Structure formats: structure tokens, C-alpha cells
Amino acid sequence: MQNRAHSALKYLLALSTAALTFPAAAHPQAVPQQTAAKSASSPAPKRDLTGVWQYQGGGGAESMTADKDMPPMTPWAKARFDEEKPGYGPRGAAGGNDPILQCDPIGFPRIMFMPTPHEFVHAPGRVLQFWEREHEWRPIWTDGRPLPADPDPTWYGYAIGHWEGDDIFVVESTGFNEKTWLGPTGFPHSEGMRVTERYHRMDHDTILYDMTVSDPMAYTKSIVAPQRIMKLKPHEEIEEQPCVWSQENEFAQRIRNPATPKPAKQ
Amino acid sequence: MNVKMAGSVLLIVCFLAVCGPMWAHHGNSAYDEAHWITISGAVTEFVWANPHCQIFLDVKDDKGAVVNWAIESQSPGILRRNNWTRTSVKPGDQIAVTLAPAKNGAPVGFSGNQMGKIVFADGRVLKMDIR
């Protein structure tokens with residue numbers, strides 16, 4: 001009996017560990033098939049992230065952290081937040097004013113939590129990161145340059161990277177415009193946002209991914225994303241997935257708008 | 001802490017860990033992703049477009065009237081990874097589609113992620129999973 005109880009306890013411990021490891025996997029069937037503990041045991045190449053990586057999310061577009069775990073907003077951010085009408089999350093309603101509905105760039109860091117893969121390519125003095133979503137990319141400079149002091153804001157920012165040991169690639173970025181939302185449930189950010197990422201290649205097939213967003217103009221504390229897992233997909237290629245305005249517009253007329261509830265008559 | 005008590009604590013931790021993040025991952029609010037349904041009919045059009053492929057399907061309703069359903073699916077890239085091509089579905093094909101219907105009752109639905117799929121008359125299945 002005692003052994004069975006211990007077995008049950010071990011099972012529960014494993015289950016709770018898995019659940020905590022994949023906090024964004026809300027859908028029961030979305031729990032990744034392969035946990036970190038079961039991944040390939042072959043050693044990871046040193047200081048090398050080359051390959052196509054698939055973020056092991058819950059199956060759809062996600063926020064970097066749950067709405068309830070977001071830190072308090074400043075009055076500046078709260079005013080913007082109140083104007084957002086997201087299609088997802090606790091405030092979700094059909095229709096809305098999510099910028100990506102009119103094919104505005106998704107931007108960074110939101111693109112990191114889309115359910116499509118990205119690819120790393122190493123080049124002299126930089127690591128290139130290509131995202132399938134939007135067929136977009138950014139250089140992550142590794143030649144020792146600092147972040148620019150006063151960059152002109154862009155959708156995907158300005159990024160520099162360095163290695164901590166042979167396995168952890170740390171990326172710092174800034175220079176973002178304030179037109180993008182942090183995720184599908186909304187949440188604004190300012191041009192002063194700074195993002196720190198840690199890509200920890202823990203074995204050949206696995207990256208443990210951490211992200212912290214610091215934006216004092218918008219939030220009273222840093223936003224810390226729960227750790228995510230990315231898996232190497234050696235047999236997959238980055239596909240083309242732009243947001244095509246003409247096609248998106250036709251889609252809206254034929255599907256999105258008919259599925260949107262009409263506002264109640266006054 | 002004895003084993004039984006530790007187990008209870010872990011059960012609670014599991015529940016909170018699994019249910020808590022559901023706040024963070026709702027589907028598109030226009031669709032009822034809590035109640036997936038399967039409809040059958042003849043394809044009238046297949047649109048291979050970014051970022052959403054679309055299937056249009058003539059389906060007979062309860063009274064025998066034909067209703068043209070408009071179905072949102074995933075991007076061509078995601079479908080290609082699930083062994084689709086731009087000619088996988090053709091006008092006239094008899095298929096069954098599993099989808100989350102629009103909450104407003106319009107003949108519109110979303111077929112994608114882990115639940116969505118189409119089944120052809122000969123039993124072939126195409127999914128839209130994100131992996």
C-alpha cells in the first residue's frame with residue numbers, strides 16, 4: 001500500500017512538474033508530447049542555435065504571461081489599455097481593434113508567442129532570426145556593439161546578443177515603436193520597452209526560453225514570462241506566412257464580419 | 001507531511017497550474033470553442049490564402065434547405081505541414097468538417113488547432129494541427 005501511495009505521489013509530482021513547465025498549455029490536448037526530460041540525449045553543439053525551432057505552446061496565439069499575472073500599469077498605460085478591444089482573453093469580444101486585423105506588423109515580442117516556427121542562422125557578427133509568421137526577421141548583433149542610446153523606433157527593435165557559457169544565448173533589445181500590443185489580449189508598451197531573452201540550449205533538441213520585459217513608463221514592475229520550451233524541427237522548413245491585406249480584407253468580409261455579433265440596437 | 005497529505009497538496013497544485021493559464025488562452029471570441037460540431041456537405045470553394053485558408057461548403061439544414069457554410073482554417077504553411085496542398089480540397093468534394101461554430105448563429109465556423117479536421121467520403125483525414 002505504501003509503495004502504491006509513493007507511486008501515486010511520484011506520478012502527481014511528475015504531473016505537477018509538467019503542468020508547471022507548460023503553463024501556457026491551456027487546452028488538455030495541447031500538452032506537448034515530448035517533455036524536456038524525454039528529449040534527445042545527444043549533446044548540443046556549443047554556441048550554436050542553428051535550425052528551425054517550434055515553440056511548444058497551447059495551440060494558438062498566446063500572451064507572454066497570463067493577464068492576471070501582469071504587473072500594475074501606470075496611468076499612461078491604463079489609458080491605452082482601456083482603448084484596446086482584443087479578440088482574445090478575459091476582455092475578448094468579436095471584432096475589436098487589434099492592430100494585426102488590418103495586417104499591421106505583429107511586432108516584437110508578440111511574434112515570439114505565435115504558433116508558428118522560427119529559424120536561427122549564424123552569420124559573422126550576428127545571429128539571424130527568421131519567423132514564419134509574417135515571413136519576418138531580425139539581426140541579433142554579436143560583434144560586441146552596445147545597444148544604441150537613442151534608436152529610431154521600429155516594429156522589431158534593435159537586438160544584441162552574447163553567450164553565457166556555451167549553452168545560453170542572451171539577447172537584449174530596445175528601440176521598439178509603441179504601435180504594437182504585447183499579445184492577443186492587448187496590453188500596451190512604450191518606446192522605452194527593453195526586452196531580455198535567454199535561449200538556453202539544454203540539449204540537442206531543446207531550448208528553454210525565458211523573457212523579461214522592462215518598461216517603467218507602462219508598468220510598475222518587470223513582466224516575467226513563464227519559461228517556455230522550444231523544440232528543434234530538423235525536417236521542417238520555414239513556410240511563407242505574410243498577412244496579405246487584400247486576402248485579409250476578403251476574409252474579413254466573407255468570414256470574420258459574418259461571425260461577429262451585431263451591436264445591440266440603442 | 002504524510003504521503004496522503006502531500007498527494008492532496010500536489011493535486012491542488014496540478015489543478016491551479018492547469019486551470020490558471022486558461023485565462024491566458026481563449027480562442028477567438030467569435031467562435032464557440034467549447035462546443036465543436038461536425039457538418040457534412042459538398043465543397044463549393046477552397047481559398048488557399050494568407051493568413052487564413054477558407055473552405056465553403058453547401059450543407060443541408062434540418063428542413064432540407066441548402067446553407068453555404070464559410071469555414072476559417074489555418075495558414076497555408078500550417079496546412080502544408082499537415083500534408084495539405086492547394087488542391088487538397090476541390091469543389092464538389094463531399095467532406096465532413098469538424099469546427100467551432102460562430103456564437104452568433106451564422107453559418108460560419110473555425111476549423112483548426114487540435115480539434116479541427118476534415119474527413120473525405122473515402123475516409124481520408126486531413127488535420128490542421130499546430131505542432
# chains A, B, ... in the order shown; residues from 1 in each chain; ligands from 1
>>> select_by_dssp(residues="region 6-119 of chain B", states="strand (DSSP E)", output="PyMOL selection string")
chain B and resi 37-47+54-60+66-72+94-101+108-110+113-119
>>> write_last_selection(atoms="N, CA and C atoms", output="CSV table (one decimal), in the first residue's frame")
chain,number,residue,atom,x,y,z
B,37,ILE,N,-18.6,21.0,-33.5
B,37,ILE,CA,-19.6,20.2,-34.2
B,37,ILE,C,-19.0,19.7,-35.5
B,38,THR,N,-19.6,18.7,-36.1
B,38,THR,CA,-19.2,18.2,-37.4
B,38,THR,C,-20.4,18.4,-38.4
B,39,ILE,N,-20.1,19.0,-39.5
B,39,ILE,CA,-21.1,19.2,-40.6
B,39,ILE,C,-20.6,18.5,-41.9
B,40,SER,N,-21.5,18.1,-42.7
B,40,SER,CA,-21.1,17.4,-43.9
B,40,SER,C,-21.8,18.1,-45.1
B,41,GLY,N,-21.1,18.0,-46.2
B,41,GLY,CA,-21.7,18.6,-47.5
B,41,GLY,C,-20.7,18.6,-48.6
B,42,ALA,N,-21.1,19.4,-49.6
B,42,ALA,CA,-20.3,19.5,-50.8
B,42,ALA,C,-19.5,20.8,-50.9
B,43,VAL,N,-18.2,20.7,-51.1
B,43,VAL,CA,-17.4,21.9,-51.2
B,43,VAL,C,-17.8,22.7,-52.4
B,44,THR,N,-17.9,24.0,-52.2
B,44,THR,CA,-18.2,25.0,-53.3
B,44,THR,C,-17.0,25.8,-53.6
B,45,GLU,N,-16.0,25.9,-52.6
B,45,GLU,CA,-14.8,26.7,-52.9
B,45,GLU,C,-13.8,26.5,-51.8
B,46,PHE,N,-12.5,26.4,-52.2
B,46,PHE,CA,-11.4,26.3,-51.3
B,46,PHE,C,-10.5,27.5,-51.6
B,47,VAL,N,-10.3,28.3,-50.6
B,47,VAL,CA,-9.4,29.5,-50.7
B,47,VAL,C,-8.1,29.3,-50.0
B,54,GLN,N,-9.6,29.1,-46.4
B,54,GLN,CA,-11.1,29.1,-46.1
B,54,GLN,C,-11.7,28.0,-47.0
B,55,ILE,N,-12.7,27.3,-46.4
B,55,ILE,CA,-13.5,26.3,-47.1
B,55,ILE,C,-14.9,26.8,-47.1
B,56,PHE,N,-15.6,26.7,-48.3
B,56,PHE,CA,-17.0,27.0,-48.3
B,56,PHE,C,-17.8,25.7,-48.7
B,57,LEU,N,-18.8,25.4,-48.0
B,57,LEU,CA,-19.4,24.1,-48.0
B,57,LEU,C,-21.0,24.2,-48.0
B,58,ASP,N,-21.6,23.6,-49.0
B,58,ASP,CA,-23.1,23.5,-49.0
B,58,ASP,C,-23.5,22.4,-48.1
B,59,VAL,N,-24.3,22.8,-47.1
B,59,VAL,CA,-24.8,21.8,-46.1
B,59,VAL,C,-26.3,21.9,-46.0
B,60,LYS,N,-27.0,20.8,-46.0
B,60,LYS,CA,-28.5,20.8,-45.8
B,60,LYS,C,-28.8,21.0,-44.4
B,66,VAL,N,-30.5,24.1,-48.4
B,66,VAL,CA,-29.1,24.2,-48.5
B,66,VAL,C,-28.5,25.5,-48.0
B,67,VAL,N,-27.6,25.4,-47.1
B,67,VAL,CA,-27.0,26.6,-46.5
B,67,VAL,C,-25.5,26.5,-46.8
B,68,ASN,N,-24.9,27.6,-47.3
B,68,ASN,CA,-23.5,27.7,-47.6
B,68,ASN,C,-22.7,28.1,-46.4
B,69,TRP,N,-21.9,27.2,-45.8
B,69,TRP,CA,-21.1,27.5,-44.6
B,69,TRP,C,-19.8,28.1,-45.1
B,70,ALA,N,-19.3,29.0,-44.3
B,70,ALA,CA,-18.0,29.6,-44.5
B,70,ALA,C,-17.1,29.2,-43.4
B,71,ILE,N,-16.0,28.6,-43.7
B,71,ILE,CA,-15.1,28.0,-42.6
B,71,ILE,C,-13.7,28.5,-42.7
B,72,GLU,N,-13.3,29.1,-41.6
B,72,GLU,CA,-11.9,29.6,-41.4
B,72,GLU,C,-11.0,28.5,-41.0
B,94,GLN,N,-17.2,15.7,-51.4
B,94,GLN,CA,-18.1,15.5,-50.2
B,94,GLN,C,-17.2,15.3,-49.0
B,95,ILE,N,-17.3,16.2,-48.1
B,95,ILE,CA,-16.4,16.2,-46.9
B,95,ILE,C,-17.3,16.4,-45.6
B,96,ALA,N,-16.7,15.9,-44.5
B,96,ALA,CA,-17.2,16.3,-43.2
B,96,ALA,C,-16.2,17.2,-42.5
B,97,VAL,N,-16.6,18.3,-41.9
B,97,VAL,CA,-15.7,19.2,-41.3
B,97,VAL,C,-16.0,19.4,-39.8
B,98,THR,N,-15.0,19.2,-39.0
B,98,THR,CA,-15.2,19.4,-37.5
B,98,THR,C,-14.8,20.9,-37.2
B,99,LEU,N,-15.7,21.6,-36.6
B,99,LEU,CA,-15.4,23.1,-36.5
B,99,LEU,C,-16.1,23.6,-35.2
B,100,ALA,N,-15.6,24.8,-34.8
B,100,ALA,CA,-16.2,25.5,-33.7
B,100,ALA,C,-17.1,26.6,-34.4
B,101,PRO,N,-18.4,26.5,-34.1
B,101,PRO,CA,-19.4,27.4,-34.8
B,101,PRO,C,-19.3,28.8,-34.3
B,108,VAL,N,-21.0,30.0,-40.0
B,108,VAL,CA,-19.6,30.3,-40.1
B,108,VAL,C,-18.9,29.5,-39.0
B,109,GLY,N,-17.7,29.1,-39.2
B,109,GLY,CA,-17.0,28.3,-38.2
B,109,GLY,C,-15.5,28.4,-38.3
B,110,PHE,N,-14.8,27.9,-37.3
B,110,PHE,CA,-13.4,27.8,-37.3
B,110,PHE,C,-13.0,26.4,-37.2
B,113,ASN,N,-6.4,24.0,-35.2
B,113,ASN,CA,-5.8,23.5,-34.0
B,113,ASN,C,-5.9,22.0,-33.8
B,114,GLN,N,-6.0,21.6,-32.6
B,114,GLN,CA,-6.1,20.1,-32.4
B,114,GLN,C,-7.4,19.5,-32.7
B,115,MET,N,-8.5,20.3,-32.6
B,115,MET,CA,-9.8,19.7,-32.8
B,115,MET,C,-10.3,19.7,-34.3
B,116,GLY,N,-9.8,20.6,-35.0
B,116,GLY,CA,-10.3,20.7,-36.4
B,116,GLY,C,-9.8,19.6,-37.3
B,117,LYS,N,-10.7,19.2,-38.2
B,117,LYS,CA,-10.2,18.2,-39.3
B,117,LYS,C,-11.3,18.2,-40.3
B,118,ILE,N,-10.9,17.6,-41.5
B,118,ILE,CA,-11.9,17.2,-42.5
B,118,ILE,C,-11.7,15.7,-42.8
B,119,VAL,N,-12.8,15.1,-43.1
B,119,VAL,CA,-12.8,13.7,-43.5
B,119,VAL,C,-13.5,13.6,-44.8
>>> select_by_dssp(residues="region 64-96 of chain B", states="helix (DSSP H, G or I)", output="MDAnalysis selection string")
chainID B and resid 76:81
>>> residues_around(residues="Pro76 (chain B)", least_positions_apart="4", cutoff="9 Å", atoms="only C-alpha atoms", output="list in words")
Glu239, Glu240 and Gln241 of chain A; Trp48, Ala49, Asn50, Pro51, His52, Cys53, Arg80, Arg81, Trp84, Thr85 and Arg86 of chain B
>>> residues_around(residues="Pro139 (chain A)", least_positions_apart="5", cutoff="7 Å", atoms="only C-alpha atoms", output="PyMOL selection string")
chain A and resi 126-129+159
>>> write_last_selection(atoms="N, CA and C atoms", output="PDB file, in the first residue's frame")
ATOM      1  N   ARG A 126      26.730  38.262 -36.228  1.00  0.00           N
ATOM      2  CA  ARG A 126      25.296  38.348 -35.945  1.00  0.00           C
ATOM      3  C   ARG A 126      24.650  36.971 -35.999  1.00  0.00           C
ATOM      4  N   VAL A 127      23.515  36.858 -35.337  1.00  0.00           N
ATOM      5  CA  VAL A 127      22.642  35.693 -35.478  1.00  0.00           C
ATOM      6  C   VAL A 127      21.355  36.213 -36.091  1.00  0.00           C
ATOM      7  N   LEU A 128      20.893  35.551 -37.136  1.00  0.00           N
ATOM      8  CA  LEU A 128      19.664  35.978 -37.801  1.00  0.00           C
ATOM      9  C   LEU A 128      18.511  35.106 -37.322  1.00  0.00           C
ATOM     10  N   GLN A 129      17.406  35.764 -37.001  1.00  0.00           N
ATOM     11  CA  GLN A 129      16.222  35.036 -36.546  1.00  0.00           C
ATOM     12  C   GLN A 129      15.092  35.302 -37.535  1.00  0.00           C
ATOM     13  N   ALA A 159      18.536  44.570 -31.654  1.00  0.00           N
ATOM     14  CA  ALA A 159      18.900  43.495 -30.723  1.00  0.00           C
ATOM     15  C   ALA A 159      20.393  43.202 -30.746  1.00  0.00           C
TER      16      ALA A 159
END
>>> atom_distance(atom1="CA of Ile111 (chain A)", atom2="CA of Met64 (chain A)")
9.9 Å
>>> atom_distance(atom1="CA of Ala61 (chain A)", atom2="CA of Arg133 (chain A)")
11.0 Å
>>> closest_residue(among="A:Asp98, A:Asp48, A:Asp210, A:Glu237", to="Leu182 (chain A)", atoms="only C-alpha atoms")
A:Asp98
>>> atom_distance(atom1="CA of Ala65 (chain B)", atom2="CA of Gly105 (chain B)")
16.1 Å
